[in-house]
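Novice: Have a look at the structure that comes next, please.
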Amino acid sequence: MSCPLVIPIDLTISVPDVNDVLVDFDRIQIFRSTNGEGGAYQEITATHTRPQLAANVVAYDYTDALGSSSYWYKYRYYNSVTFAFDSFSTAQPGQEDPALSIVSIDDLKTNYLFGVDLTRDDGMPYPDSVFAHYIRTAVSWMEHKLDIPIRPLDIEEERQDYMREDYGKYLWTEVDRFPVIHVESVRMVLPGEQTVQDFKPEWIHVARESGQIQIVPGPGTAGTILLGAAGAWVPFIYGSNRYIPDLFRIKYRAGFGRPAPGMAGINDPQLDVVPYMLKDVIGKFASCGPLNIAGDLIAGAGVASQSLGIDGLSQSISTTSSATNAGYGARIIQYTKDLKDMVPTLIRYYKGLRMRAG
C-alpha cells in the first residue's frame with residue numbers, strides 16, 4: 001500500500017458576496033477528504049486557524065501543510081459566536097504549490113528559524129500562511145534575480161526563427177527559458193500556419209542546462225538524407241532565404257524537475273531537483289520575514305526593554321529590538337551577508353551557461 005505524497009496544498013476560497021455573508025457568519029471552516037471526491041470529509045481548521053471573513057475581502061487563501069494532490073476539499077461559513085454554519089461548498093481538488101515543494105514550511109522552521117519563538121502574544125503559533133507567503137516571495141524573487149524558472153513552467157508554443165547558418169548544425173536553435181526539463185514537440189511552420197514538419201521525439205536532442213536544441217535523425221532514415229541537402233525541409237520558395245521568422249514552434253517545460261516519460265530530455269541529478277545552493281538562498285531570504293515579525297513580538301514592536309516593580313522588587317528585560325533593529329537582527333544580518341556572497345555566484349553561473357555550452 002503506497003502512501004500519498006505529503007506536500008503543502010493551496011486553497012483559494014472566493015466569497016464574492018462577502019458583505020452579505022458577514023451578516024450571519026464570520027469564519028470559514030475547511031474540510032478535507034483523503035478518499036476521493038465522494039469520501040468522508042473532516043475539518044482541518046480549528047478555532048484559531050479558521051480564516052476570518054472581512055468586509056470587502058473576496059478571496060481567502062489557506063495552506064494545508066499535510067496535504068496531497070489526491071485530496072479533496074470543501075468549506076462552509078461559520079459563526080464563532082452562535083456556532084451556526086452554512087451548507088457545504090462544491091468539492092474541489094487541492095492545488096500543489098511548487099514553491100512550497102522547494103523549501104517546505106517545516107524546512108524553513110527547522111533549518112532557518114530554529115530556536116525562534118514562532119508564537120503570537122496570546123501564545124498561539126503563527127499560521128502556516130505566514131511562512132508560505134514568504135517562501136513564495138523568496139522563490140519568485142530568486143527567479144527574477146537569476147532570470148530563470150525554478151518552478152516547472154510549461155511553454156505551450158514558443159516561436160524561434162530559422163537561420164540558414166544553423167541548418168548544418170542539425171537545425172540548432174535555442175529556447176528562451178532554461179534550464180529545460182523536457183521538450184514535448186518541435187515543428188516547422190511556414191507563414192500561413194502550414195506545418196512543414198513535426199519532428200519525431202527521438203530526433204530531438206536537448207541540452208537541458210542551456211536550453212539548446214538540435215534535430216538529429218536516426219541513421220538510415222529519410223530524414224538523414226533531407227538534412228544533408230541544405231534546406232530540403234523548407235519548400236523551394238523559401239529555400240534560398242537565410243532567415244525565416246517564427247519557423248520553429250517548440251512546446252516544452254522549463255525549470256527544475258525530472259523529464260516525463262517519452263519526452264526529449266535525459267535524467268540529470270543536477271537538474272532533476274533544485275540545487276542545494278539555490279534552496280539555501282531561498283530559505284535564508286524567506287526566513288527574514290518571520291524573523292522580523294518574531295523580533296517585533298519579543299517585547300513589543302520597537303521596545304528595547306521592559307521593567308516591572310512590585311513592593312521594592314524589580315525585574316527588567318532587555319532585547320536587541322529598537323525602532324530600527326528587530327529582536328533577531330543578528331541572525332538577519334548574518335543571513336543578509338550570506339546572500340550577498342551567494343547570489344552573485346549563482347548569477348555568474350546561470351548567466352554563463354550558454355557561453356559554456358556554445
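All residue names refer to the C-alpha cells as shown: chains lettered A, B, ... in order, residues numbered from 1 in each chain, ligands numbered from 1 in order.
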Can you pull out every residue within 12 Å of A:Asp61, counting only C-alpha atoms, but drop anything in the same chain fewer than 6 positions away, and send it as a PyMOL selection string?
Specialist: chain A and resi 9-15+28+30+49-53+94-95+127-130+132-133
Novice: Write the residues of the selection above to a file with C-alpha atoms, as a PDB file, in the first residue's frame.
Specialist:
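Writing the result to selection.pdb gives the following:
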ATOM      1  CA  ILE A   9      -1.681  22.306  -0.817  1.00  0.00           C
ATOM      2  CA  ASP A  10      -3.028  25.788  -1.523  1.00  0.00           C
ATOM      3  CA  LEU A  11      -6.745  26.525  -1.406  1.00  0.00           C
ATOM      4  CA  THR A  12      -8.244  29.754  -2.691  1.00  0.00           C
ATOM      5  CA  ILE A  13     -11.766  30.455  -1.470  1.00  0.00           C
ATOM      6  CA  SER A  14     -13.745  33.083  -3.351  1.00  0.00           C
ATOM      7  CA  VAL A  15     -16.507  34.931  -1.483  1.00  0.00           C
ATOM      8  CA  ILE A  28     -14.665  29.732   7.186  1.00  0.00           C
ATOM      9  CA  ILE A  30     -12.353  23.907   5.759  1.00  0.00           C
ATOM     10  CA  THR A  49      -6.933  28.716  12.142  1.00  0.00           C
ATOM     11  CA  ARG A  50     -10.348  29.196  10.557  1.00  0.00           C
ATOM     12  CA  PRO A  51      -9.958  32.054   8.022  1.00  0.00           C
ATOM     13  CA  GLN A  52     -11.723  35.178   9.275  1.00  0.00           C
ATOM     14  CA  LEU A  53     -14.072  36.940   6.892  1.00  0.00           C
ATOM     15  CA  GLY A  94      -6.146  20.882  -3.889  1.00  0.00           C
ATOM     16  CA  GLN A  95      -3.510  22.592  -5.988  1.00  0.00           C
ATOM     17  CA  PRO A 127      -0.413  30.404  10.884  1.00  0.00           C
ATOM     18  CA  ASP A 128       1.310  28.420   8.141  1.00  0.00           C
ATOM     19  CA  SER A 129       0.079  31.006   5.649  1.00  0.00           C
ATOM     20  CA  VAL A 130       2.713  33.426   7.026  1.00  0.00           C
ATOM     21  CA  ALA A 132       4.040  30.045   2.864  1.00  0.00           C
ATOM     22  CA  HIS A 133       3.797  33.705   1.838  1.00  0.00           C
TER      23      HIS A 133
END
Novice: With only C-alpha atoms as the counted atoms, please give the residues lying no more than 8 Å from A:Ala55, apart from itself and same-chain residues fewer than 6 positions off, as an mmCIF file with C-alpha atoms, in the first residue's frame.
Specialist:
data_model
loop_
_atom_site.group_PDB
_atom_site.id
_atom_site.type_symbol
_atom_site.label_atom_id
_atom_site.label_comp_id
_atom_site.auth_asym_id
_atom_site.auth_seq_id
_atom_site.Cartn_x
_atom_site.Cartn_y
_atom_site.Cartn_z
ATOM 1 C CA VAL A 18 -18.730 38.634 1.427
ATOM 2 C CA ASN A 19 -20.620 41.629 2.865
ATOM 3 C CA LEU A 22 -20.889 38.685 7.132
#
Novice: Would you pick out the contacts of stretch 151-155 of chain A at 7 Å or less, using only C-alpha atoms, so that residues sharing its chain but fewer than 3 positions from it are not included, and give the list as a PyMOL selection string?
Specialist: chain A and resi 98-99+158+251-257
Novice: Using only C-alpha atoms, please write the residues we just selected to a file, as an mmCIF file, in the first residue's frame.
Specialist:
data_model
loop_
_atom_site.group_PDB
_atom_site.id
_atom_site.type_symbol
_atom_site.label_atom_id
_atom_site.label_comp_id
_atom_site.auth_asym_id
_atom_site.auth_seq_id
_atom_site.Cartn_x
_atom_site.Cartn_y
_atom_site.Cartn_z
ATOM 1 C CA PRO A 98 5.678 24.223 -6.481
ATOM 2 C CA ALA A 99 7.351 26.900 -4.356
ATOM 3 C CA GLU A 158 7.462 29.247 -28.277
ATOM 4 C CA LYS A 251 6.475 23.044 -26.791
ATOM 5 C CA TYR A 252 8.495 22.373 -23.652
ATOM 6 C CA ARG A 253 8.718 22.543 -19.875
ATOM 7 C CA ALA A 254 11.385 24.701 -18.238
ATOM 8 C CA GLY A 255 12.702 24.820 -14.686
ATOM 9 C CA PHE A 256 13.976 22.058 -12.423
ATOM 10 C CA GLY A 257 12.366 18.627 -12.450
#
Novice: Pick out each residue of stretch 118-263 of chain A that DSSP on the backbone tags as helix (DSSP H, G or I); I need them as a PyMOL selection string.
Specialist: chain A and resi 128-146+164-167+201-203+222-228+236-239
Novice: Would you output that residue set with N, CA and C atoms, as an mmCIF file, in the first residue's frame?
Specialist:
data_model
loop_
_atom_site.group_PDB
_atom_site.id
_atom_site.type_symbol
_atom_site.label_atom_id
_atom_site.label_comp_id
_atom_site.auth_asym_id
_atom_site.auth_seq_id
_atom_site.Cartn_x
_atom_site.Cartn_y
_atom_site.Cartn_z
ATOM 1 N N ASP A 128 0.408 28.860 9.213
ATOM 2 C CA ASP A 128 1.310 28.420 8.141
ATOM 3 C C ASP A 128 1.277 29.357 6.944
ATOM 4 N N SER A 129 0.179 30.090 6.783
ATOM 5 C CA SER A 129 0.079 31.006 5.649
ATOM 6 C C SER A 129 1.163 32.084 5.695
ATOM 7 N N VAL A 130 1.639 32.434 6.900
ATOM 8 C CA VAL A 130 2.713 33.426 7.026
ATOM 9 C C VAL A 130 3.992 32.893 6.389
ATOM 10 N N PHE A 131 4.361 31.669 6.736
ATOM 11 C CA PHE A 131 5.592 31.079 6.203
ATOM 12 C C PHE A 131 5.455 30.800 4.705
ATOM 13 N N ALA A 132 4.266 30.325 4.287
ATOM 14 C CA ALA A 132 4.040 30.045 2.864
ATOM 15 C C ALA A 132 4.197 31.313 2.033
ATOM 16 N N HIS A 133 3.696 32.431 2.565
ATOM 17 C CA HIS A 133 3.797 33.705 1.838
ATOM 18 C C HIS A 133 5.256 34.072 1.583
ATOM 19 N N TYR A 134 6.096 33.962 2.608
ATOM 20 C CA TYR A 134 7.488 34.377 2.454
ATOM 21 C C TYR A 134 8.280 33.392 1.593
ATOM 22 N N ILE A 135 7.915 32.114 1.617
ATOM 23 C CA ILE A 135 8.585 31.147 0.739
ATOM 24 C C ILE A 135 8.252 31.460 -0.718
ATOM 25 N N ARG A 136 6.974 31.698 -1.010
ATOM 26 C CA ARG A 136 6.581 32.040 -2.384
ATOM 27 C C ARG A 136 7.307 33.294 -2.855
ATOM 28 N N THR A 137 7.363 34.285 -1.983
ATOM 29 C CA THR A 137 8.039 35.535 -2.328
ATOM 30 C C THR A 137 9.516 35.291 -2.619
ATOM 31 N N ALA A 138 10.161 34.442 -1.811
ATOM 32 C CA ALA A 138 11.589 34.171 -1.997
ATOM 33 C C ALA A 138 11.854 33.445 -3.311
ATOM 34 N N VAL A 139 11.003 32.477 -3.645
ATOM 35 C CA VAL A 139 11.185 31.742 -4.897
ATOM 36 C C VAL A 139 10.997 32.687 -6.088
ATOM 37 N N SER A 140 9.946 33.501 -6.035
ATOM 38 C CA SER A 140 9.699 34.453 -7.121
ATOM 39 C C SER A 140 10.849 35.447 -7.248
ATOM 40 N N TRP A 141 11.348 35.940 -6.124
ATOM 41 C CA TRP A 141 12.482 36.887 -6.140
ATOM 42 C C TRP A 141 13.701 36.252 -6.780
ATOM 43 N N MET A 142 13.972 34.972 -6.437
ATOM 44 C CA MET A 142 15.139 34.291 -6.979
ATOM 45 C C MET A 142 14.993 34.061 -8.480
ATOM 46 N N GLU A 143 13.780 33.735 -8.932
ATOM 47 C CA GLU A 143 13.545 33.550 -10.363
ATOM 48 C C GLU A 143 13.798 34.840 -11.132
ATOM 49 N N HIS A 144 13.355 35.959 -10.592
ATOM 50 C CA HIS A 144 13.579 37.239 -11.258
ATOM 51 C C HIS A 144 15.051 37.656 -11.180
ATOM 52 N N LYS A 145 15.689 37.361 -10.070
ATOM 53 C CA LYS A 145 17.087 37.752 -9.894
ATOM 54 C C LYS A 145 17.982 37.014 -10.877
ATOM 55 N N LEU A 146 17.747 35.718 -11.066
ATOM 56 C CA LEU A 146 18.566 34.901 -11.959
ATOM 57 C C LEU A 146 18.034 34.901 -13.380
ATOM 58 N N ARG A 164 19.688 30.107 -41.727
ATOM 59 C CA ARG A 164 20.269 29.106 -42.620
ATOM 60 C C ARG A 164 21.624 28.611 -42.124
ATOM 61 N N GLU A 165 22.380 29.491 -41.459
ATOM 62 C CA GLU A 165 23.699 29.109 -40.954
ATOM 63 C C GLU A 165 23.601 27.986 -39.921
ATOM 64 N N ASP A 166 22.461 27.890 -39.250
ATOM 65 C CA ASP A 166 22.285 26.882 -38.210
ATOM 66 C C ASP A 166 21.739 25.567 -38.755
ATOM 67 N N TYR A 167 21.358 25.562 -40.035
ATOM 68 C CA TYR A 167 20.780 24.352 -40.610
ATOM 69 C C TYR A 167 21.800 23.212 -40.614
ATOM 70 N N PRO A 201 9.911 12.609 -31.734
ATOM 71 C CA PRO A 201 10.510 12.882 -30.412
ATOM 72 C C PRO A 201 11.926 12.343 -30.269
ATOM 73 N N GLU A 202 12.190 11.153 -30.872
ATOM 74 C CA GLU A 202 13.525 10.580 -30.722
ATOM 75 C C GLU A 202 14.585 11.333 -31.520
ATOM 76 N N TRP A 203 14.187 12.229 -32.405
ATOM 77 C CA TRP A 203 15.139 13.042 -33.159
ATOM 78 C C TRP A 203 15.566 14.291 -32.375
ATOM 79 N N ALA A 222 14.894 8.617 -43.897
ATOM 80 C CA ALA A 222 14.781 9.633 -44.944
ATOM 81 C C ALA A 222 15.190 10.995 -44.414
ATOM 82 N N GLY A 223 15.019 11.173 -43.102
ATOM 83 C CA GLY A 223 15.379 12.460 -42.515
ATOM 84 C C GLY A 223 16.849 12.756 -42.646
ATOM 85 N N THR A 224 17.704 11.727 -42.591
ATOM 86 C CA THR A 224 19.139 11.940 -42.729
ATOM 87 C C THR A 224 19.474 12.514 -44.093
ATOM 88 N N ILE A 225 18.811 11.983 -45.114
ATOM 89 C CA ILE A 225 19.043 12.463 -46.477
ATOM 90 C C ILE A 225 18.568 13.899 -46.607
ATOM 91 N N LEU A 226 17.382 14.159 -46.045
ATOM 92 C CA LEU A 226 16.828 15.514 -46.145
ATOM 93 C C LEU A 226 17.719 16.521 -45.436
ATOM 94 N N LEU A 227 18.235 16.131 -44.266
ATOM 95 C CA LEU A 227 19.068 17.049 -43.512
ATOM 96 C C LEU A 227 20.381 17.320 -44.244
ATOM 97 N N GLY A 228 20.861 16.322 -45.013
ATOM 98 C CA GLY A 228 22.101 16.511 -45.758
ATOM 99 C C GLY A 228 21.952 17.487 -46.898
ATOM 100 N N PHE A 236 10.773 25.112 -51.802
ATOM 101 C CA PHE A 236 11.649 25.807 -52.746
ATOM 102 C C PHE A 236 11.511 27.319 -52.664
ATOM 103 N N ILE A 237 10.287 27.802 -52.471
ATOM 104 C CA ILE A 237 10.054 29.254 -52.467
ATOM 105 C C ILE A 237 10.805 29.944 -51.324
ATOM 106 N N TYR A 238 11.082 29.186 -50.244
ATOM 107 C CA TYR A 238 11.793 29.767 -49.106
ATOM 108 C C TYR A 238 13.230 29.247 -48.991
ATOM 109 N N GLY A 239 13.565 28.263 -49.821
ATOM 110 C CA GLY A 239 14.835 27.561 -49.642
ATOM 111 C C GLY A 239 16.061 28.442 -49.718
#
Novice: Point out the residue among A:Asn241, A:Gln214, A:Thr34, A:Gln334 with the least atom-to-atom distance to A:Tyr170, counting only C-alpha atoms.
Specialist: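 With only C-alpha atoms as the atom set, the closest residue is A:Gln214.
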Novice: Would you list the contacts of stretch 73-75 of chain A as a VMD selection string, taking every protein, DNA or RNA residue within 9 Å and counting only C-alpha atoms, but skipping same-chain residues closer than 4 positions in sequence?
Specialist: chain A and resid 11 13 28 to 33 37 41 43 87 to 94
Novice: Keeping only N, CA and C atoms, take the residues you just selected and write them out as a PDB file, in the first residue's frame.
Specialist:
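again-v8.pdb, freshly written:
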ATOM      1  N   LEU A  11      -5.325  26.374  -1.103  1.00  0.00           N
ATOM      2  CA  LEU A  11      -6.745  26.525  -1.406  1.00  0.00           C
ATOM      3  C   LEU A  11      -7.058  28.011  -1.513  1.00  0.00           C
ATOM      4  N   ILE A  13     -10.316  30.433  -1.678  1.00  0.00           N
ATOM      5  CA  ILE A  13     -11.766  30.455  -1.470  1.00  0.00           C
ATOM      6  C   ILE A  13     -12.281  31.823  -1.884  1.00  0.00           C
ATOM      7  N   ILE A  28     -14.541  30.785   8.203  1.00  0.00           N
ATOM      8  CA  ILE A  28     -14.665  29.732   7.186  1.00  0.00           C
ATOM      9  C   ILE A  28     -14.103  28.440   7.765  1.00  0.00           C
ATOM     10  N   GLN A  29     -14.903  27.391   7.732  1.00  0.00           N
ATOM     11  CA  GLN A  29     -14.435  26.057   8.111  1.00  0.00           C
ATOM     12  C   GLN A  29     -14.009  25.315   6.848  1.00  0.00           C
ATOM     13  N   ILE A  30     -12.863  24.635   6.913  1.00  0.00           N
ATOM     14  CA  ILE A  30     -12.353  23.907   5.759  1.00  0.00           C
ATOM     15  C   ILE A  30     -12.269  22.423   6.105  1.00  0.00           C
ATOM     16  N   PHE A  31     -12.776  21.589   5.198  1.00  0.00           N
ATOM     17  CA  PHE A  31     -12.838  20.147   5.409  1.00  0.00           C
ATOM     18  C   PHE A  31     -12.062  19.435   4.303  1.00  0.00           C
ATOM     19  N   ARG A  32     -11.528  18.252   4.644  1.00  0.00           N
ATOM     20  CA  ARG A  32     -10.692  17.503   3.706  1.00  0.00           C
ATOM     21  C   ARG A  32     -11.126  16.044   3.642  1.00  0.00           C
ATOM     22  N   SER A  33     -11.094  15.510   2.423  1.00  0.00           N
ATOM     23  CA  SER A  33     -11.312  14.078   2.209  1.00  0.00           C
ATOM     24  C   SER A  33     -10.025  13.464   1.686  1.00  0.00           C
ATOM     25  N   GLU A  37     -13.211  12.392  -4.054  1.00  0.00           N
ATOM     26  CA  GLU A  37     -14.254  13.427  -4.006  1.00  0.00           C
ATOM     27  C   GLU A  37     -15.451  13.003  -3.178  1.00  0.00           C
ATOM     28  N   TYR A  41     -15.497  13.707   4.758  1.00  0.00           N
ATOM     29  CA  TYR A  41     -14.756  14.955   4.956  1.00  0.00           C
ATOM     30  C   TYR A  41     -14.641  15.268   6.447  1.00  0.00           C
ATOM     31  N   GLU A  43     -12.954  18.206   9.288  1.00  0.00           N
ATOM     32  CA  GLU A  43     -12.448  19.581   9.366  1.00  0.00           C
ATOM     33  C   GLU A  43     -10.955  19.576   9.673  1.00  0.00           C
ATOM     34  N   SER A  87     -24.311  25.726   4.453  1.00  0.00           N
ATOM     35  CA  SER A  87     -24.169  24.476   3.711  1.00  0.00           C
ATOM     36  C   SER A  87     -22.772  24.374   3.105  1.00  0.00           C
ATOM     37  N   PHE A  88     -22.362  23.163   2.743  1.00  0.00           N
ATOM     38  CA  PHE A  88     -21.037  22.939   2.172  1.00  0.00           C
ATOM     39  C   PHE A  88     -20.936  23.481   0.757  1.00  0.00           C
ATOM     40  N   SER A  89     -19.726  23.870   0.397  1.00  0.00           N
ATOM     41  CA  SER A  89     -19.431  24.261  -0.979  1.00  0.00           C
ATOM     42  C   SER A  89     -19.275  23.009  -1.841  1.00  0.00           C
ATOM     43  N   THR A  90     -19.119  23.204  -3.130  1.00  0.00           N
ATOM     44  CA  THR A  90     -18.775  22.106  -4.024  1.00  0.00           C
ATOM     45  C   THR A  90     -17.354  21.643  -3.720  1.00  0.00           C
ATOM     46  N   ALA A  91     -17.122  20.343  -3.806  1.00  0.00           N
ATOM     47  CA  ALA A  91     -15.781  19.801  -3.545  1.00  0.00           C
ATOM     48  C   ALA A  91     -14.804  20.274  -4.617  1.00  0.00           C
ATOM     49  N   GLN A  92     -13.576  20.538  -4.210  1.00  0.00           N
ATOM     50  CA  GLN A  92     -12.547  20.955  -5.154  1.00  0.00           C
ATOM     51  C   GLN A  92     -11.229  20.269  -4.815  1.00  0.00           C
ATOM     52  N   PRO A  93     -10.446  19.896  -5.834  1.00  0.00           N
ATOM     53  CA  PRO A  93      -9.143  19.285  -5.551  1.00  0.00           C
ATOM     54  C   PRO A  93      -8.154  20.348  -5.114  1.00  0.00           C
ATOM     55  N   GLY A  94      -7.187  19.952  -4.298  1.00  0.00           N
ATOM     56  CA  GLY A  94      -6.146  20.882  -3.889  1.00  0.00           C
ATOM     57  C   GLY A  94      -5.159  21.126  -5.006  1.00  0.00           C
TER      58      GLY A  94
END
Novice: Return the single residue from A:Trp172, A:Phe25, A:Phe199, A:Tyr328 that is closest to A:Leu118, with distances computed using only C-alpha atoms.
Specialist: A:Tyr328
Novice: Can you measure atom CA of A:Val274 to atom CA of A:Asp97 for me? One decimal in Å is fine.
Specialist: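 Interatomic distance here is 14.7 Å.
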Novice: Using only C-alpha atoms, which residue out of A:Thr45, A:Asp26, A:Tyr60, A:Gly67 lies closest to A:Ala84?
Specialist: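 Ranking A:Thr45, A:Asp26, A:Tyr60, A:Gly67 by distance to A:Ala84, first place goes to A:Asp26.
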Novice: Please determine, counting only C-alpha atoms, which residue among A:Ile148, A:Gly283, A:Phe248, A:Tyr71 has the shortest atom-to-atom distance to A:Thr110.
Specialist: A:Gly283
Novice: Which value, in Å to one decimal, gives the distance between atom CA of A:Val58 and atom CA of A:Gly39?
Specialist: 28.3 Å
Novice: Write out as a VMD selection string the residues lying within 12 Å of A:Pro269, counting only C-alpha atoms and excluding same-chain residues fewer than 6 positions away.
Specialist: chain A and resid 181 208 to 209 256 to 259 275 to 276
